[in-house]
$ cat run-v5.tsv   # TSV, C-alpha atoms
chain	number	residue	atom	x	y	z
A	16	MET	CA	1.76	32.66	13.40
A	17	GLY	CA	3.76	30.37	15.67
A	18	ILE	CA	5.89	27.27	15.58
A	19	TYR	CA	3.37	25.09	17.38
A	20	LEU	CA	0.47	27.44	18.14
A	21	ASN	CA	-1.56	28.48	15.09
A	22	LEU	CA	0.83	27.57	12.29
A	23	GLY	CA	-1.29	29.52	9.85
A	24	ASN	CA	-2.10	28.61	6.27
A	25	SER	CA	1.23	28.78	4.45
A	26	GLY	CA	1.60	24.98	4.37
A	27	PHE	CA	-1.79	24.50	2.74
A	28	GLU	CA	-1.12	27.39	0.38
A	29	GLU	CA	1.96	25.54	-0.89
A	30	SER	CA	-0.15	22.43	-1.46
A	31	ILE	CA	-2.76	24.15	-3.59
A	32	ARG	CA	-0.11	26.07	-5.52
A	33	SER	CA	1.61	22.83	-6.51
A	34	GLU	CA	1.41	21.53	-10.06
A	35	ILE	CA	-0.91	18.77	-8.88
A	36	TYR	CA	-3.41	19.27	-6.11
A	37	VAL	CA	-6.43	16.98	-5.65
A	38	ASP	CA	-9.25	18.54	-3.63
A	39	LYS	CA	-9.54	16.67	-0.32
A	40	THR	CA	-11.13	19.54	1.61
A	41	GLY	CA	-14.22	17.41	2.17
A	42	LEU	CA	-12.23	15.93	5.05
A	43	ILE	CA	-12.90	19.13	6.97
A	44	ALA	CA	-16.64	18.46	6.88
A	45	CYS	CA	-15.95	15.14	8.61
A	46	THR	CA	-13.87	16.70	11.37
A	47	ASN	CA	-16.39	19.52	11.81
A	48	ARG	CA	-19.03	16.87	12.48
A	49	TYR	CA	-17.01	15.60	15.45
A	50	LEU	CA	-15.97	18.94	16.96
A	51	ASN	CA	-16.94	19.20	20.63
A	52	THR	CA	-18.58	15.77	20.66
A	53	GLU	CA	-17.61	12.49	22.30
A	54	GLN	CA	-16.20	11.45	18.91
A	55	LYS	CA	-13.71	14.34	18.87
A	56	TYR	CA	-10.74	11.96	19.34
A	57	ILE	CA	-9.68	10.75	15.88
A	58	CYS	CA	-6.68	8.59	15.00
A	59	VAL	CA	-6.16	8.11	11.26
A	60	SER	CA	-3.40	5.62	10.47
A	61	ARG	CA	-2.07	5.16	6.95
A	62	PRO	CA	1.18	4.11	5.27
A	63	ARG	CA	3.83	6.64	4.42
A	64	ARG	CA	3.21	8.55	1.21
A	65	PHE	CA	-0.57	8.59	1.70
A	66	GLY	CA	-1.04	12.31	2.37
A	67	LYS	CA	-1.18	12.41	6.18
A	68	SER	CA	0.95	15.54	6.57
A	69	MET	CA	-0.88	17.36	3.79
A	70	ALA	CA	-4.17	16.75	5.57
A	71	LEU	CA	-2.77	18.24	8.77
A	72	LYS	CA	-1.61	21.37	6.94
A	73	MET	CA	-5.11	21.74	5.52
A	74	LEU	CA	-6.76	21.35	8.92
A	75	ALA	CA	-4.32	23.83	10.46
A	76	ALA	CA	-5.15	26.37	7.75
A	77	TYR	CA	-8.86	25.93	8.31
A	78	TYR	CA	-9.07	26.01	12.11
A	79	SER	CA	-6.19	28.32	13.12
A	80	ARG	CA	-7.01	31.68	14.63
A	81	GLY	CA	-4.96	34.70	13.62
A	82	CYS	CA	-5.20	34.18	9.86
A	83	ASP	CA	-7.85	34.53	7.20
A	84	SER	CA	-8.03	31.38	5.08
A	85	ARG	CA	-11.34	32.02	3.34
A	86	LYS	CA	-9.77	32.85	-0.03
A	87	LEU	CA	-7.58	29.72	0.04
A	88	PHE	CA	-10.65	27.49	0.21
A	89	GLN	CA	-12.59	29.30	-2.52
A	90	GLY	CA	-13.79	26.90	-5.18
A	91	PHE	CA	-13.04	23.79	-3.13
A	92	LYS	CA	-15.59	21.27	-1.85
A	93	ILE	CA	-15.61	22.46	1.74
A	94	GLU	CA	-16.83	25.91	0.69
A	95	ARG	CA	-20.18	24.36	-0.22
A	96	GLU	CA	-20.64	22.74	3.21
A	97	PRO	CA	-23.01	24.41	5.72
A	98	THR	CA	-20.37	24.37	8.48
A	99	PHE	CA	-17.64	26.02	6.40
A	100	GLY	CA	-17.97	29.55	7.78
A	101	GLU	CA	-18.98	28.48	11.27
A	102	TYR	CA	-15.59	27.08	12.30
A	103	LEU	CA	-13.25	28.80	9.84
A	104	ASN	CA	-10.25	30.23	11.76
A	105	GLN	CA	-12.11	29.99	15.07
A	106	TYR	CA	-9.82	27.76	17.17
A	107	GLU	CA	-6.44	27.83	18.78
A	108	VAL	CA	-4.55	25.05	17.02
A	109	ILE	CA	-1.62	23.21	18.57
A	110	SER	CA	0.36	21.29	15.93
A	111	LEU	CA	2.81	18.67	17.15
A	112	ASN	CA	5.18	16.66	14.97
A	113	MET	CA	6.29	13.92	17.33
A	114	GLN	CA	9.15	12.88	15.04
A	115	GLN	CA	10.65	16.34	15.45
A	116	PHE	CA	10.37	16.23	19.24
A	117	LEU	CA	11.84	12.73	19.38
A	118	ILE	CA	14.89	13.76	17.35
A	119	GLU	CA	15.51	17.11	19.04
A	120	SER	CA	14.98	15.85	22.59
A	121	GLY	CA	17.54	13.07	22.43
A	122	ASP	CA	14.78	10.46	22.81
A	123	GLN	CA	14.61	10.04	26.57
A	124	LYS	CA	13.06	13.43	27.46
A	125	VAL	CA	10.67	13.83	24.59
A	126	THR	CA	7.61	14.81	26.64
A	127	GLU	CA	9.54	17.23	28.84
A	128	TYR	CA	11.03	18.90	25.77
A	129	LEU	CA	7.60	19.12	24.12
A	130	GLU	CA	6.01	20.75	27.15
A	131	LYS	CA	8.79	23.31	27.42
A	132	GLU	CA	8.58	24.27	23.74
A	133	VAL	CA	4.80	24.61	23.62
A	134	TYR	CA	4.60	26.41	26.96
A	135	ARG	CA	7.04	29.04	25.67
A	136	GLU	CA	4.58	29.98	22.91
A	137	LEU	CA	1.52	29.86	25.13
A	138	LYS	CA	3.23	32.11	27.65
A	139	LYS	CA	3.78	34.80	25.02
A	140	LYS	CA	0.10	34.93	24.12
A	141	TYR	CA	-1.54	34.27	27.48
A	142	LYS	CA	0.99	35.64	29.96
A	143	GLU	CA	-1.64	37.63	31.86
A	144	PHE	CA	-3.45	34.40	32.76
A	145	LEU	CA	-0.42	32.23	33.61
A	146	THR	CA	1.21	32.58	37.00
A	147	GLY	CA	4.13	30.25	36.42
A	148	GLU	CA	2.85	27.94	39.14
A	149	GLU	CA	1.14	25.59	36.69
A	150	VAL	CA	2.74	22.15	36.54
A	151	GLY	CA	2.69	20.61	33.10
A	152	LEU	CA	1.15	21.54	29.77
A	153	ALA	CA	-2.28	20.19	30.67
A	154	ALA	CA	-2.44	22.48	33.71
A	155	VAL	CA	-1.45	25.47	31.57
A	156	LEU	CA	-4.19	24.73	29.03
A	157	ARG	CA	-6.78	24.24	31.76
A	158	GLN	CA	-5.92	27.63	33.19
A	159	ILE	CA	-6.20	29.31	29.80
A	160	TYR	CA	-9.57	27.65	29.21
A	161	VAL	CA	-10.89	28.71	32.61
A	162	GLU	CA	-9.82	32.33	32.06
A	163	THR	CA	-10.80	32.71	28.40
A	164	GLY	CA	-13.19	29.88	27.47
A	165	GLN	CA	-10.98	29.23	24.45
A	166	LYS	CA	-10.83	25.62	23.26
A	167	PHE	CA	-8.00	24.01	21.33
A	168	VAL	CA	-7.67	21.79	18.27
A	169	PHE	CA	-4.76	19.35	18.51
A	170	LEU	CA	-3.12	18.12	15.31
A	171	ILE	CA	-0.53	15.43	16.03
A	172	ASP	CA	1.66	14.00	13.26
A	173	GLU	CA	3.74	10.80	13.56
A	174	TRP	CA	2.05	10.10	16.89
A	175	ASP	CA	3.42	6.53	16.93
A	176	CYS	CA	7.09	7.29	16.20
A	177	VAL	CA	8.04	6.77	19.86
A	178	MET	CA	6.46	3.33	19.75
A	179	ARG	CA	8.09	2.46	16.42
A	180	GLU	CA	11.58	3.85	17.01
A	181	GLN	CA	11.97	3.14	20.73
A	182	GLN	CA	10.66	-0.40	20.70
A	183	LYS	CA	12.83	-1.61	23.58
A	184	SER	CA	12.24	1.34	25.89
A	185	GLU	CA	9.03	0.35	27.65
A	186	GLU	CA	9.47	3.06	30.27
A	187	LEU	CA	9.72	5.80	27.62
A	188	GLN	CA	6.64	4.43	25.88
A	189	ARG	CA	4.71	4.34	29.15
A	190	ARG	CA	5.61	7.94	29.99
A	191	TYR	CA	4.71	9.05	26.49
A	192	LEU	CA	1.30	7.37	26.51
A	193	ASP	CA	0.57	8.71	30.00
A	194	PHE	CA	1.48	12.19	28.79
A	195	LEU	CA	-0.91	12.00	25.82
A	196	ARG	CA	-3.69	10.63	27.98
A	197	ASN	CA	-3.31	13.38	30.57
A	198	LEU	CA	-3.05	16.05	27.89
A	199	LEU	CA	-6.15	15.01	25.96
A	200	LYS	CA	-8.52	12.67	27.78
A	201	ASP	CA	-11.54	14.26	29.51
A	202	GLN	CA	-10.07	17.75	29.19
A	203	ALA	CA	-12.63	20.52	28.70
A	204	TYR	CA	-10.22	22.53	26.58
A	205	VAL	CA	-10.12	19.89	23.80
A	206	ALA	CA	-12.39	20.70	20.86
A	207	LEU	CA	-10.77	18.14	18.54
A	208	ALA	CA	-7.76	15.83	18.63
A	209	TYR	CA	-6.71	14.53	15.21
A	210	MET	CA	-3.70	12.19	15.22
A	211	THR	CA	-1.97	10.52	12.33
A	212	GLY	CA	0.58	7.75	12.19
A	213	ILE	CA	1.27	4.42	10.56
A	214	LEU	CA	-0.18	2.21	13.29
A	215	PRO	CA	-3.50	2.22	15.17
A	216	VAL	CA	-3.50	2.85	18.89
A	217	LYS	CA	-5.68	0.37	20.73
A	218	LYS	CA	-3.51	-2.57	21.73
A	219	TYR	CA	-0.09	-1.36	22.82
A	220	GLY	CA	0.48	-4.06	25.39
A	221	VAL	CA	-1.78	-3.76	28.43
A	222	HIS	CA	-1.29	0.01	28.58
A	223	SER	CA	-4.47	1.22	26.86
A	224	ALA	CA	-3.90	4.88	27.65
A	225	LEU	CA	-5.52	6.20	24.48
A	226	ASN	CA	-8.75	4.21	24.41
A	227	MET	CA	-10.77	7.42	23.91
A	228	PHE	CA	-9.63	7.56	20.27
A	229	THR	CA	-11.67	6.13	17.42
A	230	GLU	CA	-9.35	4.38	15.00
A	231	TYR	CA	-9.53	4.69	11.23
A	232	SER	CA	-6.91	2.37	9.76
A	233	MET	CA	-6.09	0.55	6.53
A	234	THR	CA	-8.30	-2.31	7.66
A	235	ASP	CA	-11.30	0.02	8.01
A	236	GLN	CA	-11.16	3.74	7.15
A	237	ASP	CA	-14.93	4.15	7.57
A	238	VAL	CA	-15.95	7.80	6.90
A	239	PHE	CA	-12.39	8.68	5.84
A	240	GLU	CA	-12.22	6.21	2.91
A	241	GLU	CA	-12.45	8.93	0.28
A	242	TYR	CA	-9.56	10.84	1.87
A	243	THR	CA	-7.18	7.88	2.27
A	244	GLY	CA	-5.83	8.06	-1.28
A	245	PHE	CA	-6.98	9.10	-4.74
A	246	THR	CA	-10.36	7.84	-5.92
A	247	GLU	CA	-11.02	6.44	-9.38
A	248	ASP	CA	-12.70	9.64	-10.58
A	249	GLU	CA	-9.81	11.77	-9.31
A	250	VAL	CA	-7.28	9.61	-11.14
A	251	LYS	CA	-9.31	9.68	-14.35
A	252	GLU	CA	-9.27	13.47	-14.25
A	253	LEU	CA	-5.50	13.52	-13.75
A	254	CYS	CA	-4.96	11.06	-16.61
A	255	GLU	CA	-7.00	13.24	-18.95
A	256	ARG	CA	-5.14	16.35	-17.86
A	257	PHE	CA	-1.69	14.83	-18.29
A	258	SER	CA	-2.49	12.51	-21.24
A	259	MET	CA	-1.73	9.33	-19.30
A	260	ASP	CA	-3.15	5.86	-19.91
A	261	PHE	CA	-5.79	5.32	-17.20
A	262	GLU	CA	-5.61	1.53	-17.38
A	263	GLU	CA	-1.82	1.55	-17.02
A	264	ILE	CA	-2.05	3.85	-14.00
A	265	GLY	CA	-4.59	1.46	-12.50
A	266	ASN	CA	-2.39	-1.59	-12.98
A	267	TRP	CA	0.48	0.19	-11.26
A	268	TYR	CA	-1.14	2.08	-8.38
A	269	ASP	CA	-4.76	0.94	-7.82
A	270	GLY	CA	-5.76	-1.95	-5.57
A	271	TYR	CA	-6.42	-0.54	-2.11
A	272	THR	CA	-10.05	-1.26	-1.42
A	273	PHE	CA	-12.64	-0.24	1.16
A	274	THR	CA	-16.38	-0.65	1.62
A	275	ARG	CA	-17.71	2.34	-0.34
A	276	PHE	CA	-14.64	3.03	-2.48
A	277	ALA	CA	-13.48	-0.16	-4.16
A	278	HIS	CA	-10.62	1.56	-6.01
A	279	ILE	CA	-8.18	3.65	-3.98
A	280	TYR	CA	-4.87	4.65	-5.57
A	281	ASN	CA	-1.54	5.39	-3.92
A	282	PRO	CA	-1.57	9.22	-4.11
A	283	LYS	CA	2.16	9.93	-4.00
A	284	SER	CA	2.92	7.39	-6.72
A	285	VAL	CA	0.14	8.66	-8.98
A	286	VAL	CA	1.40	12.23	-8.62
A	287	GLU	CA	4.96	11.17	-9.48
A	288	ALA	CA	3.81	9.08	-12.43
A	289	VAL	CA	1.73	11.81	-14.07
A	290	ARG	CA	4.35	14.48	-13.35
A	291	ARG	CA	7.13	12.42	-14.88
A	292	HIS	CA	4.86	10.80	-17.45
A	293	ARG	CA	6.23	7.41	-16.51
A	294	CYS	CA	4.84	4.48	-14.55
A	295	LYS	CA	7.32	2.74	-12.27
A	296	SER	CA	7.81	2.02	-8.59
A	297	TYR	CA	8.17	5.21	-6.59
A	298	TRP	CA	8.45	3.53	-3.20
A	299	THR	CA	12.23	3.31	-3.20
A	300	ALA	CA	12.69	7.03	-2.58
A	301	THR	CA	11.35	6.68	0.96
A	302	GLU	CA	11.20	2.93	1.63
A	303	THR	CA	13.80	0.25	1.01
A	304	TYR	CA	13.29	-3.41	0.29
A	305	ASP	CA	15.26	-4.16	3.46
A	306	ALA	CA	12.28	-3.14	5.61
A	307	LEU	CA	10.00	-5.54	3.74
A	308	LYS	CA	12.60	-8.31	3.72
A	309	VAL	CA	12.75	-8.38	7.54
A	310	TYR	CA	9.12	-9.47	7.78
A	311	ILE	CA	9.31	-11.98	4.94
A	312	ASP	CA	12.32	-13.63	6.60
A	313	MET	CA	10.25	-14.37	9.71
A	314	ASP	CA	8.34	-16.98	7.70
A	315	PHE	CA	5.65	-17.54	10.35
A	316	ASP	CA	3.39	-20.51	9.56
A	317	GLY	CA	4.48	-20.65	5.92
A	318	LEU	CA	4.40	-16.91	5.33
A	319	ARG	CA	6.77	-17.10	2.37
A	320	ALA	CA	4.58	-19.65	0.64
A	321	ASP	CA	1.53	-17.41	1.07
A	322	ILE	CA	3.45	-14.46	-0.35
A	323	VAL	CA	4.30	-16.53	-3.41
A	324	ARG	CA	0.62	-17.40	-3.74
A	325	MET	CA	-0.31	-13.72	-3.53
A	326	LEU	CA	2.32	-12.87	-6.12
A	327	GLY	CA	0.50	-15.37	-8.32
A	328	GLY	CA	-2.72	-13.41	-7.85
A	329	GLU	CA	-4.33	-15.28	-4.97
A	330	TYR	CA	-6.12	-13.85	-1.94
A	331	ILE	CA	-5.10	-15.13	1.50
A	332	PRO	CA	-7.44	-15.29	4.54
A	333	VAL	CA	-6.23	-13.17	7.46
A	334	ASN	CA	-7.38	-12.48	11.00
A	335	THR	CA	-6.49	-8.85	11.68
A	336	LEU	CA	-7.92	-8.86	15.22
A	337	THR	CA	-4.92	-10.54	16.86
A	338	PHE	CA	-2.51	-7.82	15.79
A	339	GLN	CA	-1.10	-5.90	18.77
A	340	ASN	CA	-0.57	-2.68	16.81
A	341	ASP	CA	3.18	-2.65	17.17
A	342	MET	CA	6.13	-3.72	15.04
A	343	TRP	CA	7.66	-6.35	17.29
A	344	THR	CA	4.93	-8.50	18.88
A	345	PHE	CA	4.31	-11.25	16.36
A	346	ARG	CA	2.64	-14.49	17.44
A	347	THR	CA	1.27	-15.73	14.14
A	348	LYS	CA	1.46	-15.20	10.41
A	349	ASP	CA	-1.72	-13.10	10.65
A	350	ASP	CA	0.12	-10.54	12.79
A	351	VAL	CA	2.81	-10.05	10.15
A	352	LEU	CA	0.27	-9.86	7.33
A	353	THR	CA	-1.74	-7.26	9.26
A	354	LEU	CA	1.36	-5.15	9.82
A	355	LEU	CA	2.06	-5.28	6.08
A	356	ILE	CA	-1.48	-3.98	5.49
A	357	HIS	CA	-0.79	-0.99	7.72
A	358	LEU	CA	2.55	-0.39	6.01
A	359	GLY	CA	0.84	-0.37	2.61
A	360	TYR	CA	2.56	-3.46	1.23
A	361	LEU	CA	-0.68	-5.45	1.20
A	362	ALA	CA	-4.31	-4.52	0.61
A	363	TYR	CA	-7.24	-5.80	2.68
A	364	ASP	CA	-10.72	-6.83	1.60
A	365	LEU	CA	-12.89	-6.14	4.65
A	366	GLU	CA	-15.90	-8.06	3.35
A	367	ARG	CA	-13.93	-11.21	2.48
A	368	GLU	CA	-11.39	-10.79	5.32
A	369	GLU	CA	-8.61	-11.55	2.87
A	370	VAL	CA	-5.31	-9.94	2.01
A	371	PHE	CA	-3.66	-9.53	-1.38
A	372	ILE	CA	-0.94	-7.68	-3.28
A	373	PRO	CA	-2.69	-4.60	-4.67
A	374	ASN	CA	-0.77	-3.63	-7.79
A	375	ASN	CA	2.31	-3.84	-9.97
A	376	GLU	CA	4.23	-1.29	-7.90
A	377	ILE	CA	3.96	-3.40	-4.74
A	378	TYR	CA	4.60	-6.58	-6.71
A	379	ARG	CA	7.96	-5.13	-7.74
A	380	GLU	CA	8.84	-4.30	-4.13
A	381	PHE	CA	8.11	-7.87	-3.01
A	382	LYS	CA	10.12	-9.22	-5.88
A	383	ASN	CA	13.09	-7.00	-4.99
A	384	ALA	CA	12.93	-8.02	-1.35
A	385	MET	CA	12.83	-11.72	-2.14
A	386	SER	CA	15.56	-11.58	-4.77
A	387	ALA	CA	17.82	-9.92	-2.21
A	388	GLY	CA	17.22	-12.85	0.12
A	389	GLY	CA	18.91	-15.31	-2.18
A	390	TRP	CA	15.79	-17.38	-2.79
A	391	GLU	CA	16.59	-18.54	-6.32
A	392	ASP	CA	13.96	-21.28	-6.32
A	393	ILE	CA	11.24	-18.84	-5.27
A	394	MET	CA	12.41	-16.29	-7.82
A	395	THR	CA	11.82	-18.84	-10.58
A	396	ILE	CA	8.22	-19.06	-9.42
A	397	LEU	CA	7.95	-15.29	-9.21
A	398	ASN	CA	9.18	-14.76	-12.73
A	399	ALA	CA	6.60	-17.23	-13.95
A	400	SER	CA	3.85	-15.58	-11.92
A	401	GLU	CA	4.48	-12.01	-13.07
A	402	LYS	CA	2.18	-12.33	-16.05
A	403	LEU	CA	-0.50	-13.88	-13.82
A	404	LEU	CA	-0.41	-10.84	-11.54
A	405	GLN	CA	-0.64	-8.44	-14.44
A	406	ASP	CA	-3.62	-10.36	-15.82
A	407	ARG	CA	-5.30	-10.29	-12.40
A	408	THR	CA	-4.83	-6.56	-11.90
A	409	CYS	CA	-6.26	-5.92	-15.35
A	410	ARG	CA	-9.34	-7.95	-14.39
A	411	LEU	CA	-9.73	-6.10	-11.08
A	412	PHE	CA	-9.33	-2.80	-12.84
A	413	ARG	CA	-12.17	-3.54	-15.25
A	414	GLN	CA	-14.62	-4.56	-12.49

$ encode --input "run-v5.tsv" --output "structure tokens"
Amino acid sequence: MGIYLNLGNSGFEESIRSEIYVDKTGLIACTNRYLNTEQKYICVSRPRRFGKSMALKMLAAYYSRGCDSRKLFQGFKIEREPTFGEYLNQYEVISLNMQQFLIESGDQKVTEYLEKEVYRELKKKYKEFLTGEEVGLAAVLRQIYVETGQKFVFLIDEWDCVMREQQKSEELQRRYLDFLRNLLKDQAYVALAYMTGILPVKKYGVHSALNMFTEYSMTDQDVFEEYTGFTEDEVKELCERFSMDFEEIGNWYDGYTFTRFAHIYNPKSVVEAVRRHRCKSYWTATETYDALKVYIDMDFDGLRADIVRMLGGEYIPVNTLTFQNDMWTFRTKDDVLTLLIHLGYLAYDLEREEVFIPNNEIYREFKNAMSAGGWEDIMTILNASEKLLQDRTCRLFRQ
């Protein structure tokens, strides 16, 4: 078991040993479908607190060589899938948390630091095949593949942190994107590349280095809908187990909607609510109203007025196609609204192409952000609209 190479299954073991674990192992059947195909490049973007890291621990436990994870998956959905035994613990897995590398490298040498760290582990295992003349991580992996035929699964967490936290450093972003492209694109040693972050990848300026990835975002999760959050059936089971009111949980944490699954619940908040036996906003532990307030203050094209309308229960038309998939290029109100979808502050109806406030938890966060802005006149409207929102969420819940 290594730091980056074949992390093993201890992370997933902690997840299933927790007081609350909802079986999302069906995700593995999806990734197995794309192994060693042209669709092997997967970027799943979701807000914080939507289980991205847990999914990576599960995938690492399933694919990593050097450990036996069969018992950990006993009784879970993936065990019933035909491909379960075929790929179980059969791949070299390289797990990269880009947030860690960004912090430890001092920002400006993140890719160089990453290559050095990962090469150190590869050298220990494959020293007989590495001469030391290889230049760069991609060259090292190519040499290993040529000598052994072994392919790699790449699991990359917080892939977009460089883009989010180094917004003004275009040169660093360019080097980073070039590094990822060279490491992954058209490389024979790649069996699967599964990246997670908050933002999709396609439109970072004119530098489309990662166009080989298929994006699954909060505007369209496609085959990953069921694994984005908790489904209605999963929440019902938790409510029965912990003697919680299902309708109250729905009013607080339901509202994210996709094509096949019309009711997706915020997983972290549901877990906290049933554990503590109390419904309230659980966003504030990891997110502050200041982050939301920044975007409201922009007030593009009457953005504040539309937010007030949404707080009153209305749906607002939005064009998500103009969004540049970053947190600083805003040309219209639609760009800000689309960012708020990706951050989890708004929900998106793909069929109607409209945006709305999903639930009582998010309503409270908007209200906190706007009250901090000193908008007394708007707060009067908000206080009057609170009952309207609660009535609307009850109606949605019953549909």

$ residues_around --input "run-v5.tsv" --residues "Ile159 of chain A" --least-positions-apart "6" --cutoff "12 Å" --atoms "all atoms listed in the file" --output "list in words"
Glu107, Tyr134, Leu137, Lys138, Lys140, Tyr141, Lys142, Glu143, Phe144, Leu145, Thr146, Glu149, Leu152, Ala153, Gln165, Lys166, Phe167, Ala203, Tyr204 and Val205 of chain A

$ residues_around --input "run-v5.tsv" --residues "Pro282 of chain A" --least-positions-apart "2" --cutoff "6 Å" --atoms "only C-alpha atoms" --output "list of chain:residue names"
A:Phe65, A:Gly244, A:Phe245, A:Tyr280, A:Ser284, A:Val285

$ atom_distance --input "run-v5.tsv" --atom1 "atom CA of Val370 of chain A" --atom2 "atom CA of Tyr297 of chain A"
22.0 Å

$ residues_around --input "run-v5.tsv" --residues "segment 47-50 of chain A" --least-positions-apart "3" --cutoff "7 Å" --atoms "only C-alpha atoms" --output "number ranges by chain"
A: 43-44, 54-55, 206-207

$ residues_around --input "run-v5.tsv" --residues "segment 347-358 of chain A" --least-positions-apart "6" --cutoff "6 Å" --atoms "all atoms listed in the file" --output "list in words"
Pro62, Met233, Phe315, Asp316, Val333, Asn334, Thr335 and Phe338 of chain A

$ atom_distance --input "run-v5.tsv" --atom1 "atom CA of Tyr360 of chain A" --atom2 "atom CA of Ile377 of chain A"
6.1 Å
